[in-house]
Every structure is written in C-alpha cells, then in structure tokens.
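Colleague: Contents of input_37.cif (mmCIF, C-alpha atoms):
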data_protein
loop_
_atom_site.label_atom_id
_atom_site.label_comp_id
_atom_site.auth_asym_id
_atom_site.auth_seq_id
_atom_site.Cartn_x
_atom_site.Cartn_y
_atom_site.Cartn_z
CA MET O 857 -96.89 121.83 176.05
CA ALA O 858 -93.67 119.90 176.59
CA ASN O 859 -93.64 116.22 175.81
CA ASN O 860 -92.69 114.69 179.15
CA SER O 861 -94.41 111.34 178.76
CA LEU O 862 -92.75 108.35 180.36
CA GLU O 863 -91.49 107.15 176.99
CA SER O 864 -89.89 110.48 176.18
CA VAL O 865 -88.33 110.68 179.64
CA LEU O 866 -86.86 107.19 179.31
CA ASN O 867 -85.42 108.16 175.94
CA ILE O 868 -83.30 110.77 177.72
CA VAL O 869 -81.36 107.96 179.41
CA ARG O 870 -78.15 107.33 177.50
CA PRO O 871 -78.55 104.35 175.13
CA GLU O 872 -75.44 102.72 176.64
CA VAL O 873 -77.22 102.66 180.00
CA ARG O 874 -80.55 101.42 178.64
CA ARG O 875 -78.88 98.56 176.80
CA GLU O 876 -77.05 97.38 179.91
CA LYS O 877 -78.35 94.81 182.39
CA ALA O 878 -78.14 95.65 186.08
CA TYR O 879 -75.43 93.71 187.93
CA HIS O 880 -77.14 91.07 190.04
CA VAL O 881 -75.54 88.41 192.23
CA GLY O 882 -78.71 86.41 192.76
CA VAL O 883 -78.39 84.83 196.21
CA PRO O 884 -81.10 82.24 197.00
CA LYS O 885 -83.30 82.96 200.01
CA ASN O 886 -82.78 81.37 203.43
CA ILE O 887 -79.11 80.56 202.80
CA GLU O 888 -77.14 79.26 205.78
CA VAL O 889 -73.81 78.51 204.05
CA LYS O 890 -72.79 81.45 201.85
CA LEU O 891 -69.93 80.40 199.57
CA ASN O 892 -70.70 82.46 196.48
CA GLN O 893 -68.99 85.85 196.93
CA ASN O 894 -65.39 85.02 197.93
CA GLU O 895 -65.78 86.71 201.32
CA ASN O 896 -63.77 86.31 204.49
CA PRO O 897 -66.04 83.98 206.52
CA PHE O 898 -64.63 84.88 209.93
CA PRO O 899 -66.32 87.47 212.19
CA LEU O 900 -64.34 90.16 213.96
CA PRO O 901 -62.88 89.24 217.36
CA ASP O 902 -64.99 90.63 220.20
CA ALA O 903 -62.38 93.25 221.14
CA LEU O 904 -62.19 94.62 217.62
CA GLN O 905 -65.98 94.55 217.22
CA LYS O 906 -66.22 96.55 220.44
CA ARG O 907 -63.65 99.01 219.12
CA PHE O 908 -65.68 99.49 215.92
CA THR O 909 -68.75 100.25 218.05
CA GLU O 910 -66.78 102.74 220.14
CA ILE O 911 -65.58 104.48 216.99
CA LEU O 912 -69.17 104.94 215.83
CA GLY O 913 -70.20 106.27 219.24
CA ASP O 914 -67.44 108.88 219.24
CA LEU O 915 -68.20 110.28 215.77
CA SER O 916 -69.83 113.61 215.06
CA VAL O 917 -71.99 112.29 212.25
CA ASN O 918 -73.48 115.74 211.62
CA ARG O 919 -70.08 116.87 210.30
CA TYR O 920 -68.59 115.94 206.94
CA PRO O 921 -65.63 113.57 206.84
CA ALA O 922 -62.25 114.75 205.58
CA GLU O 923 -62.33 115.74 201.91
CA PHE O 924 -59.59 113.18 201.35
CA PRO O 925 -59.15 110.33 203.89
CA ASP O 926 -55.54 111.29 204.63
CA LYS O 927 -55.26 109.21 207.82
CA LEU O 928 -56.31 106.04 206.00
CA ILE O 929 -54.08 106.85 203.03
CA ALA O 930 -51.12 107.34 205.38
CA THR O 931 -51.85 104.01 207.08
CA ILE O 932 -52.12 102.16 203.76
CA ALA O 933 -48.86 103.75 202.63
CA ASP O 934 -47.12 102.71 205.85
CA VAL O 935 -48.47 99.15 206.02
CA GLU O 936 -48.15 98.34 202.31
CA SER O 937 -45.05 100.49 201.54
CA PHE O 938 -46.68 102.71 198.93
CA ASP O 939 -46.13 106.40 198.19
CA PRO O 940 -49.11 108.15 199.83
CA ASP O 941 -49.26 110.64 196.94
CA GLY O 942 -50.03 107.72 194.61
CA ILE O 943 -53.09 106.43 196.51
CA ILE O 944 -56.79 107.10 195.95
CA VAL O 945 -59.35 105.51 198.29
CA GLY O 946 -62.94 104.69 197.36
CA HIS O 947 -66.03 102.65 198.20
CA GLY O 948 -64.53 99.30 197.21
CA SER O 949 -62.58 98.47 194.07
CA ASN O 950 -65.87 98.16 192.13
CA GLU O 951 -66.57 101.86 192.56
CA LEU O 952 -62.97 102.68 191.69
CA SER O 953 -63.23 100.74 188.44
CA HIS O 954 -66.02 103.13 187.43
CA PHE O 955 -63.84 106.07 188.49
CA ILE O 956 -60.94 104.78 186.39
CA ALA O 957 -63.24 104.56 183.39
CA LEU O 958 -64.37 108.14 184.04
CA CYS O 959 -60.73 109.25 183.87
CA PHE O 960 -59.68 107.40 180.72
CA LEU O 961 -62.63 106.23 178.62
CA GLY O 962 -64.92 107.82 176.07
CA THR O 963 -66.64 106.90 172.84
CA GLU O 964 -63.41 107.37 170.86
CA THR O 965 -61.28 105.12 173.09
CA ASN O 966 -60.61 101.39 173.07
CA VAL O 967 -60.24 98.83 175.84
CA VAL O 968 -58.62 95.39 175.85
CA LEU O 969 -59.88 92.78 178.33
CA PRO O 970 -58.83 89.13 178.65
CA ARG O 971 -61.49 86.48 179.20
CA PRO O 972 -62.77 85.26 181.54
CA MET O 973 -62.53 88.06 184.08
CA PHE O 974 -64.76 89.84 186.59
CA ALA O 975 -67.86 90.73 184.55
CA LEU O 976 -68.20 94.25 185.93
CA TYR O 977 -65.28 95.49 183.83
CA LYS O 978 -67.03 94.69 180.57
CA SER O 979 -70.18 96.39 181.84
CA VAL O 980 -68.26 99.56 182.77
CA VAL O 981 -66.63 99.69 179.33
CA ARG O 982 -70.02 99.43 177.64
CA LEU O 983 -71.52 102.12 179.88
CA PHE O 984 -68.83 104.58 178.82
CA GLY O 985 -69.31 103.74 175.14
CA ALA O 986 -65.71 102.66 174.57
CA GLY O 987 -64.69 100.08 171.99
CA LEU O 988 -64.05 96.64 173.48
CA THR O 989 -61.63 93.96 172.33
CA GLU O 990 -61.75 90.69 174.28
CA VAL O 991 -58.98 88.10 174.22
CA PRO O 992 -60.01 84.47 174.91
CA CYS O 993 -58.08 82.43 177.45
CA LYS O 994 -55.98 79.34 176.87
CA GLU O 995 -57.40 75.84 177.31
CA ASP O 996 -56.16 75.76 180.92
CA LEU O 997 -58.14 79.01 181.58
CA SER O 998 -54.99 81.12 181.97
CA PHE O 999 -54.71 84.42 180.12
CA ASP O 1000 -53.20 84.13 176.63
CA VAL O 1001 -50.52 86.77 177.15
CA GLY O 1002 -49.19 86.52 173.60
CA ARG O 1003 -52.59 87.20 172.06
CA LEU O 1004 -53.26 89.87 174.66
CA ILE O 1005 -50.10 91.73 173.64
CA ASP O 1006 -51.00 91.32 169.97
CA ALA O 1007 -54.39 92.93 170.67
CA ILE O 1008 -52.77 95.79 172.59
CA GLN O 1009 -50.37 96.52 169.76
CA ARG O 1010 -53.14 96.32 167.16
CA VAL O 1011 -55.90 98.25 168.95
CA LYS O 1012 -53.70 100.67 170.94
CA PRO O 1013 -56.19 100.83 173.82
CA ALA O 1014 -56.49 103.67 176.28
CA LEU O 1015 -57.04 101.01 178.94
CA THR O 1016 -56.15 97.36 179.46
CA VAL O 1017 -57.34 95.51 182.57
CA ILE O 1018 -55.92 92.25 183.91
CA ALA O 1019 -56.43 90.52 187.25
CA SER O 1020 -54.02 88.44 189.32
CA PRO O 1021 -55.18 86.30 191.03
CA ASN O 1022 -57.98 86.35 188.52
CA ASN O 1023 -61.63 86.17 189.47
CA PRO O 1024 -63.30 83.79 188.57
CA THR O 1025 -60.44 81.35 187.80
CA GLY O 1026 -58.12 81.97 190.76
CA LEU O 1027 -55.08 81.85 188.47
CA VAL O 1028 -52.04 84.13 188.77
CA VAL O 1029 -50.32 86.11 186.02
CA GLY O 1030 -46.53 85.89 186.33
CA LEU O 1031 -44.60 89.10 186.97
CA SER O 1032 -42.61 88.67 183.77
CA ASP O 1033 -45.87 88.49 181.80
CA ILE O 1034 -47.27 91.54 183.59
CA ARG O 1035 -44.11 93.43 182.68
CA ARG O 1036 -44.48 92.36 179.03
CA ILE O 1037 -48.09 93.57 178.96
CA VAL O 1038 -47.26 96.94 180.52
CA ASP O 1039 -44.23 97.41 178.26
CA ALA O 1040 -46.37 96.71 175.19
CA SER O 1041 -49.03 99.26 176.10
CA GLU O 1042 -49.03 102.97 175.36
CA GLY O 1043 -52.20 103.28 177.43
CA ILE O 1044 -53.07 102.61 181.05
CA VAL O 1045 -52.81 99.06 182.40
CA VAL O 1046 -54.92 98.32 185.47
CA LEU O 1047 -53.91 95.27 187.48
CA ASP O 1048 -56.70 94.11 189.78
CA GLU O 1049 -55.04 92.65 192.88
CA ALA O 1050 -58.21 92.06 194.90
CA TYR O 1051 -56.93 88.67 196.07
CA ILE O 1052 -53.21 89.41 196.22
CA GLU O 1053 -53.02 88.80 199.98
CA PHE O 1054 -53.38 85.08 199.26
CA VAL O 1055 -50.26 85.10 197.06
CA PRO O 1056 -48.32 88.27 197.98
CA GLU O 1057 -45.22 87.25 196.06
CA ALA O 1058 -47.20 87.70 192.83
CA SER O 1059 -47.85 91.42 193.40
CA ALA O 1060 -46.64 93.82 190.73
CA GLN O 1061 -45.95 96.52 193.31
CA MET O 1062 -42.25 96.52 192.36
CA LEU O 1063 -43.16 97.58 188.82
CA LEU O 1064 -44.89 100.82 189.82
CA ASN O 1065 -41.81 103.04 189.93
CA GLU O 1066 -40.60 102.09 186.45
CA HIS O 1067 -44.01 102.00 184.73
CA PRO O 1068 -46.04 105.23 185.06
CA ASN O 1069 -48.87 103.67 183.03
CA LEU O 1070 -49.50 100.92 185.63
CA ILE O 1071 -52.29 101.18 188.22
CA LEU O 1072 -52.82 98.61 190.98
CA LEU O 1073 -56.35 98.09 192.29
CA ARG O 1074 -56.81 96.70 195.81
CA THR O 1075 -59.75 95.99 198.10
CA MET O 1076 -60.36 95.39 201.79
CA SER O 1077 -63.47 93.31 201.04
CA LYS O 1078 -61.72 89.94 200.77
CA ALA O 1079 -58.79 89.03 203.02
CA PHE O 1080 -59.45 92.00 205.34
CA GLY O 1081 -63.07 90.99 205.92
CA MET O 1082 -64.58 94.43 205.26
CA ALA O 1083 -67.02 93.61 202.45
CA GLY O 1084 -69.80 95.28 204.41
CA LEU O 1085 -67.95 98.58 204.84
CA ARG O 1086 -66.77 99.00 201.21
CA ILE O 1087 -63.15 100.15 201.21
CA GLY O 1088 -60.88 99.88 198.19
CA TYR O 1089 -57.92 101.82 196.86
CA LEU O 1090 -55.84 102.28 193.75
CA VAL O 1091 -52.12 102.97 193.53
CA GLY O 1092 -50.33 104.62 190.64
CA HIS O 1093 -47.60 107.09 189.78
CA PRO O 1094 -48.13 110.24 191.91
CA SER O 1095 -48.21 112.50 188.83
CA LEU O 1096 -50.90 110.35 187.21
CA VAL O 1097 -52.89 110.15 190.45
CA PHE O 1098 -52.66 113.96 190.78
CA GLU O 1099 -54.51 114.28 187.47
CA MET O 1100 -57.02 111.56 188.34
CA LYS O 1101 -57.96 113.29 191.60
CA LYS O 1102 -59.46 116.13 189.54
CA ALA O 1103 -62.27 113.73 188.57
CA ARG O 1104 -62.74 112.42 192.10
CA LEU O 1105 -65.77 113.46 194.10
CA PRO O 1106 -64.99 114.89 197.56
CA PHE O 1107 -65.74 113.06 200.81
CA MET O 1108 -64.68 109.71 199.34
CA ILE O 1109 -65.63 107.57 202.33
CA GLY O 1110 -67.40 107.99 205.65
CA LYS O 1111 -65.64 108.64 208.95
CA HIS O 1112 -66.61 105.28 210.43
CA ASP O 1113 -65.39 103.34 207.39
CA GLU O 1114 -62.06 105.16 207.43
CA LEU O 1115 -61.36 104.63 211.13
CA CYS O 1116 -62.43 100.97 211.06
CA ALA O 1117 -60.19 100.33 208.06
CA ILE O 1118 -57.27 101.88 209.94
CA GLU O 1119 -57.90 99.60 212.91
CA LEU O 1120 -57.90 96.52 210.66
CA LEU O 1121 -54.78 97.56 208.75
CA LYS O 1122 -52.97 97.83 212.07
CA SER O 1123 -54.17 94.35 213.11
CA SER O 1124 -51.50 92.55 211.10
CA ASP O 1125 -51.44 89.42 213.27
CA LEU O 1126 -55.19 88.95 212.89
CA ILE O 1127 -55.07 89.47 209.11
CA SER O 1128 -52.20 86.99 208.77
CA GLN O 1129 -54.16 84.45 210.83
CA TRP O 1130 -57.25 84.92 208.66
CA ILE O 1131 -55.29 84.56 205.42
CA LEU O 1132 -53.56 81.39 206.63
CA GLU O 1133 -56.87 79.86 207.70
CA MET O 1134 -58.59 80.77 204.43
CA ARG O 1135 -55.71 79.22 202.50
CA ASN O 1136 -55.89 76.07 204.60
CA GLN O 1137 -59.67 75.83 204.22
CA THR O 1138 -59.44 76.36 200.46
CA ASP O 1139 -56.86 73.57 200.16
CA TRP O 1140 -58.90 71.28 202.39
CA MET O 1141 -62.11 71.82 200.44
CA TRP O 1142 -60.38 71.63 197.04
CA ASN O 1143 -58.91 68.22 197.89
CA ARG O 1144 -62.25 66.89 199.18
CA VAL O 1145 -64.11 68.10 196.08
CA ASP O 1146 -61.52 66.87 193.59
CA GLU O 1147 -61.58 63.34 195.01
CA ILE O 1148 -65.35 62.96 194.44
CA ASP O 1149 -66.05 60.68 191.48
CA GLY O 1150 -67.31 62.67 188.50
CA VAL O 1151 -66.09 66.02 189.85
CA LYS O 1152 -63.13 68.07 188.64
CA ALA O 1153 -61.75 70.91 190.76
CA TYR O 1154 -59.64 73.48 188.91
CA PRO O 1155 -56.34 74.79 190.34
CA THR O 1156 -56.42 78.09 192.22
CA ARG O 1157 -54.19 80.52 194.09
CA ALA O 1158 -57.04 82.41 195.77
CA ASN O 1159 -59.71 81.61 198.38
CA PHE O 1160 -62.10 80.16 195.78
CA PHE O 1161 -62.03 77.67 192.93
CA LEU O 1162 -64.01 76.43 189.96
CA PHE O 1163 -65.39 72.92 189.79
CA GLU O 1164 -67.20 70.89 187.16
CA THR O 1165 -69.48 67.88 187.34
CA GLN O 1166 -71.53 65.82 184.91
CA ARG O 1167 -74.70 67.52 186.13
CA ASP O 1168 -76.18 70.65 184.61
CA PRO O 1169 -74.48 73.42 186.65
CA ALA O 1170 -77.59 75.57 187.06
CA GLN O 1171 -79.59 72.61 188.33
CA LEU O 1172 -76.76 71.63 190.66
CA ALA O 1173 -76.55 75.16 192.06
CA ASP O 1174 -80.31 75.14 192.61
CA SER O 1175 -80.09 71.76 194.36
CA LEU O 1176 -77.40 73.11 196.67
CA GLY O 1177 -79.51 76.23 197.22
CA ALA O 1178 -82.41 74.04 198.29
CA MET O 1179 -80.01 72.64 200.90
CA LYS O 1180 -79.33 76.24 202.04
CA ILE O 1181 -75.88 76.42 200.41
CA ALA O 1182 -75.00 79.20 197.94
CA VAL O 1183 -72.38 78.76 195.21
CA ARG O 1184 -71.82 80.98 192.16
CA LYS O 1185 -73.18 80.14 188.72
CA MET O 1186 -70.79 80.80 185.82
CA SER O 1187 -73.33 80.86 182.99
CA SER O 1188 -72.39 84.44 182.03
CA TYR O 1189 -68.87 83.29 181.10
CA PRO O 1190 -68.82 81.30 177.82
CA GLU O 1191 -65.58 79.51 178.76
CA LEU O 1192 -66.97 78.48 182.16
CA ALA O 1193 -70.58 77.65 181.30
CA THR O 1194 -70.25 74.05 182.56
CA MET O 1195 -68.71 75.09 185.90
CA LEU O 1196 -69.60 76.52 189.28
CA ARG O 1197 -67.46 78.58 191.64
CA VAL O 1198 -67.21 78.09 195.38
CA CYS O 1199 -65.20 79.95 198.01
CA ALA O 1200 -63.85 78.67 201.29
CA GLY O 1201 -65.93 79.23 204.39
CA THR O 1202 -65.39 77.96 207.91
CA ARG O 1203 -64.54 74.28 208.35
CA ASN O 1204 -68.14 73.47 209.32
CA GLU O 1205 -69.49 75.34 206.27
CA ASN O 1206 -67.02 73.63 203.97
CA GLN O 1207 -67.92 70.22 205.36
CA ARG O 1208 -71.61 70.93 204.80
CA PHE O 1209 -70.86 71.89 201.20
CA VAL O 1210 -68.78 68.78 200.51
CA ASP O 1211 -71.41 66.51 202.05
CA ALA O 1212 -74.18 68.23 200.09
CA LEU O 1213 -72.23 68.03 196.84
CA LYS O 1214 -71.74 64.30 197.30
CA ARG O 1215 -75.48 63.85 197.77
CA CYS O 1216 -76.22 65.91 194.64
CA ILE O 1217 -73.85 64.11 192.26
#
For this file, write the structure as structure tokens.
Modeller:
Amino acid sequence: MANNSLESVLNIVRPEVRREKAYHVGVPKNIEVKLNQNENPFPLPDALQKRFTEILGDLSVNRYPAEFPDKLIATIADVESFDPDGIIVGHGSNELSHFIALCFLGTETNVVLPRPMFALYKSVVRLFGAGLTEVPCKEDLSFDVGRLIDAIQRVKPALTVIASPNNPTGLVVGLSDIRRIVDASEGIVVLDEAYIEFVPEASAQMLLNEHPNLILLRTMSKAFGMAGLRIGYLVGHPSLVFEMKKARLPFMIGKHDELCAIELLKSSDLISQWILEMRNQTDWMWNRVDEIDGVKAYPTRANFFLFETQRDPAQLADSLGAMKIAVRKMSSYPELATMLRVCAGTRNENQRFVDALKRCI
C-alpha cells in the first residue's frame, strides 16, 4: 500500500516552498484610515464608476477573454510611447515578478538585490532556488551603486533587480547610475517603476532601445488607483519579450480588468489630477510629521515616506491601530527596524494621522 500519510504528502512540497513564509500585510481590524499600502486614496468619479459597471454588464462572461490583451497593450503603447511588441500584461507587477523569475531563474543561477527593497523579490528568488547576493544601502538609505556594480561583476547574476522610486524608502536612482548598472551586467536588469508616475523624469524608458537586457516593470495599482483590479505590465526589447511569452500562461487578465484599464489610461486629465493631489498631500503630511518634536521624516519622491520616533515602532503602530489608523511596520528590514512607513491619504485622513501621531509621541 502506498505511503500517502500527511507527512509524506507534505514532503512532496519543494523544500524552497516549505521554508518560505507566506507574504502577509497584516492590516489591523476595524481600520478607518488606511495608510499602509501606498494606494491611491481617491475613489473613481461617478461617471467613470458608472462606465465600469456598464462594461461589466455588457460582457459575455461565459466566453474566454483574448489570449493576449491586445487592446490594452495597444493602449499602453500609445499612452506611454512603448513598442507594443515589447509589452507583457499581467495581474499586477507582483505576479509579473514571479513570471520574470520563471523565465530567468533556476538553482544554478544567481541574483543580486540591493537593500532595502520590496520584500517580495527576495521571497521569489528563494522560491526558485537561485543564489542570492544582497548589497546593503548607504547611511542615507540610498542604494550603494558602486558596491552593487562590484557584486554584479563578481557574481555575474542572471538577474539584478532595482527599484526607482524605491519601496520602502521612496528614493530615486539617477539615470546615470541605472545606465552604469545595466552596462555592468551581462544578465537581465529589472527596474521596478511602480511609483514612476510621481517622478516621471526619472524613468529609464529612454534606455530600453540601447540596452536589450533591461526590463521595466510598471503597475496600475498606485497612481492609477486600480489596486483592486490587479493590472501590471513589463516592457523590454521585443526579441526578449518574444522569448518570454513562451512561458506566459494564456488569458492573462479578465475582460473587465482589461476594459477598465483602457478607460483609465485614456483618462489622462483625471490621472494627472490624482498624481498632483497625492504629491501635494505627501508634502503636506511630510512637513507636519517632520516638525513634531522627537520625530524624523525621511526624504521621499513617492506618495509615501519613512518616519522614526523615540518610541518602539511596533508599539507605536499598534497604538495608531487602536485609533483605527494603519501604517506599515518595517521590522522585516534590518536597516529600517526603528522606522514606520506611511502613505498619503486624503487631507482628512492625513490630518487624523498627524493628530494621532502627536498624541502617541
């Protein structure tokens, strides 16, 4: 008789998976002011919300979507001035990071990651069994580009990932430094531009044509306010993307998600208004937080920032949670263990946070 006990079944799970911890945001219950996930805090205008509802009502949900979302790809290419043959769309940039790993990583490959950076990347590397080399940041929390290039030349990674603006620091990597990193690498360099709409002049889009090993990763979950619909895309050299598509599952996204994303991409005035307001609210809140005695707010170019107080950060986050305000704990990042991260909400939400923080200090 076959041994199919629970223990033997669990042993079939790859050891890389069993060793990993599930990704968990950990939002306190009964939150009224949600400032922990860097979201766009503004709801859709009534007319656009109605249009989204109409789109759903007109769909034949019993039929599969297009194998490749060509209409959305064409719209992205038109709005963002990309080559449509170099675009792959997916369920948010998180899912695409897993897809990128599927294309390039294995147990015999190496990856270079700067610290601190979005924790999911390290998890994905471990899940695929690749070797990982991490490069600590400078004292000001910016990436140490010199040491990063040294690691690339020493390890010769199949994949290097950097982010600009970087989550969780909000700092930007200069274009000249991005060029140096890409030039130094024989492998693929992924540049996560999830927050690039807040500082568009920092985009490395201009480097795509001359660097076939560069991939840009974008999302519609932040500035575009579509975190609930999960749309992201990557952009690379068309010949590289042609090969990557062989590993892509068909029916990448649902019909409703595709059509709603197209509507938002065409709403350029609304997106510009949202971005301007999120910038203004970030600046407003940063200044109010930084002027509180005993609090240090760290510089940012995104819609969120790090701050540090003399209180234990976990206890402070719990105190704010008890006041129905969610911020993000940074305990999983060694360099940021004394800090918390907060993103800009509406003016009323930001005022509630500032008032609550003053009471907690």
Colleague: For the structure provided, state which residues fall under the PyMOL selection byres ((chain O and resi 1212) around 12), and present them as a list in words.
Modeller: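 After applying the PyMOL selection byres ((chain O and resi 1212) around 12), what remains is Val889, Val1145, Ile1148, Leu1172, Ala1173, Asp1174, Ser1175, Leu1176, Gly1177, Ala1178, Met1179, Lys1180, Ile1181, Ala1182, Val1183, Glu1205, Asn1206, Gln1207, Arg1208, Phe1209, Val1210, Asp1211, Leu1213, Lys1214, Arg1215, Cys1216 and Ile1217 of chain O.
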Colleague: How would you write, as an MDAnalysis selection string, the residues chosen by the PyMOL selection byres ((chain O and resi 1029) around 9) on this structure?
Modeller: chainID O and resid 998:999 1001 1018:1022 1027:1028 1030:1034 1058
Colleague: Go ahead and save the residues from that selection, with C-alpha atoms, as a PDB file, in the coordinates of the input.
Modeller:
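Output file result.pdb follows:
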ATOM      1  CA  SER O 998     -54.990  81.120 181.970  1.00  0.00           C
ATOM      2  CA  PHE O 999     -54.710  84.420 180.120  1.00  0.00           C
ATOM      3  CA  VAL O1001     -50.520  86.770 177.150  1.00  0.00           C
ATOM      4  CA  ILE O1018     -55.920  92.250 183.910  1.00  0.00           C
ATOM      5  CA  ALA O1019     -56.430  90.520 187.250  1.00  0.00           C
ATOM      6  CA  SER O1020     -54.020  88.440 189.320  1.00  0.00           C
ATOM      7  CA  PRO O1021     -55.180  86.300 191.030  1.00  0.00           C
ATOM      8  CA  ASN O1022     -57.980  86.350 188.520  1.00  0.00           C
ATOM      9  CA  LEU O1027     -55.080  81.850 188.470  1.00  0.00           C
ATOM     10  CA  VAL O1028     -52.040  84.130 188.770  1.00  0.00           C
ATOM     11  CA  GLY O1030     -46.530  85.890 186.330  1.00  0.00           C
ATOM     12  CA  LEU O1031     -44.600  89.100 186.970  1.00  0.00           C
ATOM     13  CA  SER O1032     -42.610  88.670 183.770  1.00  0.00           C
ATOM     14  CA  ASP O1033     -45.870  88.490 181.800  1.00  0.00           C
ATOM     15  CA  ILE O1034     -47.270  91.540 183.590  1.00  0.00           C
ATOM     16  CA  ALA O1058     -47.200  87.700 192.830  1.00  0.00           C
TER      17      ALA O1058
END
Colleague: Find, counting all atoms listed in the file, the residue in O:Glu1053, O:Glu1119, O:Glu990, O:Asp1048 that gets nearest to O:Leu1132.
Modeller: O:Glu1053
Colleague: Rounded to one decimal, what separation in Å do you get between atom CA of O:Glu895 and atom CA of O:Cys1116?
Modeller: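 Spanning atom CA of O:Glu895 to atom CA of O:Cys1116 is a straight-line distance of 17.6 Å.
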Colleague: Show which residues sit within 12 Å of O:Ala933, as a ChimeraX atom specification. Count only C-alpha atoms, and ignore same-chain residues fewer than 3 positions away.
Modeller: /O:926-930,936-945,1089-1091,1118,1121-1122
Colleague: Go ahead and write the selection's residues with C-alpha atoms as a compact mmCIF listing (two decimals), keeping the file's coordinate frame.
Modeller:
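Listed below is the output, part-v6.txt:
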# COMPACT_ATOMS: atom_id res chain seq x y z
CA ASP O 926 -55.54 111.29 204.63
CA LYS O 927 -55.26 109.21 207.82
CA LEU O 928 -56.31 106.04 206.00
CA ILE O 929 -54.08 106.85 203.03
CA ALA O 930 -51.12 107.34 205.38
CA GLU O 936 -48.15 98.34 202.31
CA SER O 937 -45.05 100.49 201.54
CA PHE O 938 -46.68 102.71 198.93
CA ASP O 939 -46.13 106.40 198.19
CA PRO O 940 -49.11 108.15 199.83
CA ASP O 941 -49.26 110.64 196.94
CA GLY O 942 -50.03 107.72 194.61
CA ILE O 943 -53.09 106.43 196.51
CA ILE O 944 -56.79 107.10 195.95
CA VAL O 945 -59.35 105.51 198.29
CA TYR O 1089 -57.92 101.82 196.86
CA LEU O 1090 -55.84 102.28 193.75
CA VAL O 1091 -52.12 102.97 193.53
CA ILE O 1118 -57.27 101.88 209.94
CA LEU O 1121 -54.78 97.56 208.75
CA LYS O 1122 -52.97 97.83 212.07
Colleague: Separation of atom CA of O:Glu876 and atom CA of O:Lys1078, in Å?
Modeller: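 Atom-to-atom, atom CA of O:Glu876 to atom CA of O:Lys1078, that is 26.9 Å.
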Colleague: Starting from the PyMOL selection byres ((chain O and resi 1065) around 12), expand the selection into actual residues of this file and give them as a PyMOL selection string.
Modeller: chain O and resi 938-939+942+1060-1064+1066-1072+1091-1096
Colleague: Could you list, as a list in words, every residue within 7 Å of stretch 1101-1109 of chain O, counting all atoms listed in the file and ignoring same-chain residues fewer than 3 positions away?
Modeller: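 With the cut-off at 7 Å, the set is Pro921, Ala922, Glu923, Phe924, Val945, Gly946, His947, Cys959, Val1097, Phe1098, Asp1113 and Glu1114 of chain O.
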Colleague: Counting only C-alpha atoms, which of O:Val873, O:Val1198, O:Leu912, O:Ala1193 gets nearest to O:Leu1162?
Modeller: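 Using only C-alpha atoms, O:Leu1162 sits closest to O:Val1198.
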Colleague: Just checking: using only C-alpha atoms, which residue out of O:Val1038, O:Thr1138, O:Asn896, O:Thr1016 ends up closest to O:Pro1155?
Modeller: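 Of the candidates, the smallest distance to O:Pro1155 is held by O:Thr1138.
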Colleague: Report, in Å with one decimal, the straight-line distance from atom CA of O:Leu969 to atom CA of O:Leu1015.
Modeller: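 Going from atom CA of O:Leu969 over to atom CA of O:Leu1015 covers 8.7 Å.
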Colleague: Nearest to O:Met973 among O:Thr1075, O:Asn859, O:Thr1025, O:Asn867, with distances taken over only C-alpha atoms: which residue is it?
Modeller: O:Thr1025
Colleague: Please list as number ranges by chain every residue within 9 Å of O:Val991, counting all atoms listed in the file and excluding residues in the same chain fewer than 5 positions away.
Modeller: O: 968-972, 999-1000, 1003-1004, 1007
Colleague: Can I get the selection written as a compact mmCIF listing (two decimals), in the coordinates of the input, with C-alpha atoms?
Modeller:
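Output saved as result-v7.txt:
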# COMPACT_ATOMS: atom_id res chain seq x y z
CA VAL O 968 -58.62 95.39 175.85
CA LEU O 969 -59.88 92.78 178.33
CA PRO O 970 -58.83 89.13 178.65
CA ARG O 971 -61.49 86.48 179.20
CA PRO O 972 -62.77 85.26 181.54
CA PHE O 999 -54.71 84.42 180.12
CA ASP O 1000 -53.20 84.13 176.63
CA ARG O 1003 -52.59 87.20 172.06
CA LEU O 1004 -53.26 89.87 174.66
CA ALA O 1007 -54.39 92.93 170.67
Colleague: Which is closer to O:Asp996 than all the others in O:Gly1026, O:Arg1074, O:Ala1117, O:Met1100, using all atoms listed in the file?
Modeller: O:Gly1026
Colleague: Please report, as JSON, the centre and edge lengths in Å to one decimal of an axis-aligned box covering all listed atoms of stretch 1040-1043 of chain O with 8 Å per side.
Modeller:
{"center_x": -49.3, "center_y": 100.0, "center_z": 176.3, "size_x": 21.8, "size_y": 22.6, "size_z": 18.2}
Colleague: Counting all atoms listed in the file, which of O:Ser1128, O:Glu872, O:Glu1042, O:Gly882 gets nearest to O:Thr963?
Modeller: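 Ranking O:Ser1128, O:Glu872, O:Glu1042, O:Gly882 by distance to O:Thr963, first place goes to O:Glu872.
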Colleague: (-62.6, 96.6, 170.7) in this file's frame - what residues fall within 8 Å of it? Use only C-alpha atoms and give the answer as a ChimeraX atom specification.
Modeller: /O:966-968,986-990,1011
Colleague: Please produce a file of the residues just selected, as a compact mmCIF listing (two decimals), keeping the file's coordinate frame, where the atoms kept are C-alpha atoms.
Modeller:
# COMPACT_ATOMS: atom_id res chain seq x y z
CA ASN O 966 -60.61 101.39 173.07
CA VAL O 967 -60.24 98.83 175.84
CA VAL O 968 -58.62 95.39 175.85
CA ALA O 986 -65.71 102.66 174.57
CA GLY O 987 -64.69 100.08 171.99
CA LEU O 988 -64.05 96.64 173.48
CA THR O 989 -61.63 93.96 172.33
CA GLU O 990 -61.75 90.69 174.28
CA VAL O 1011 -55.90 98.25 168.95
Colleague: How about completing stretch 1064-1072 of chain O with N, CA and C atoms and giving it to me as a tab-separated table (two decimals), in the frame of the given file?
Modeller:
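The resulting selection-v6.tsv:
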chain	number	residue	atom	x	y	z
O	1064	LEU	N	-44.26	99.51	189.85
O	1064	LEU	CA	-44.89	100.82	189.82
O	1064	LEU	C	-43.92	101.94	189.49
O	1065	ASN	N	-42.74	101.92	190.10
O	1065	ASN	CA	-41.81	103.04	189.93
O	1065	ASN	C	-41.30	103.17	188.50
O	1066	GLU	N	-41.17	102.05	187.80
O	1066	GLU	CA	-40.60	102.09	186.45
O	1066	GLU	C	-41.66	102.12	185.36
O	1067	HIS	N	-42.94	102.01	185.73
O	1067	HIS	CA	-44.01	102.00	184.73
O	1067	HIS	C	-45.11	102.98	185.13
O	1068	PRO	N	-45.03	104.23	184.67
O	1068	PRO	CA	-46.04	105.23	185.06
O	1068	PRO	C	-47.43	104.96	184.50
O	1069	ASN	N	-47.55	104.00	183.58
O	1069	ASN	CA	-48.87	103.67	183.03
O	1069	ASN	C	-49.54	102.50	183.76
O	1070	LEU	N	-48.95	102.04	184.87
O	1070	LEU	CA	-49.50	100.92	185.63
O	1070	LEU	C	-50.27	101.43	186.85
O	1071	ILE	N	-51.47	100.90	187.04
O	1071	ILE	CA	-52.29	101.18	188.22
O	1071	ILE	C	-52.63	99.86	188.89
O	1072	LEU	N	-52.40	99.77	190.20
O	1072	LEU	CA	-52.82	98.61	190.98
O	1072	LEU	C	-54.15	98.92	191.65
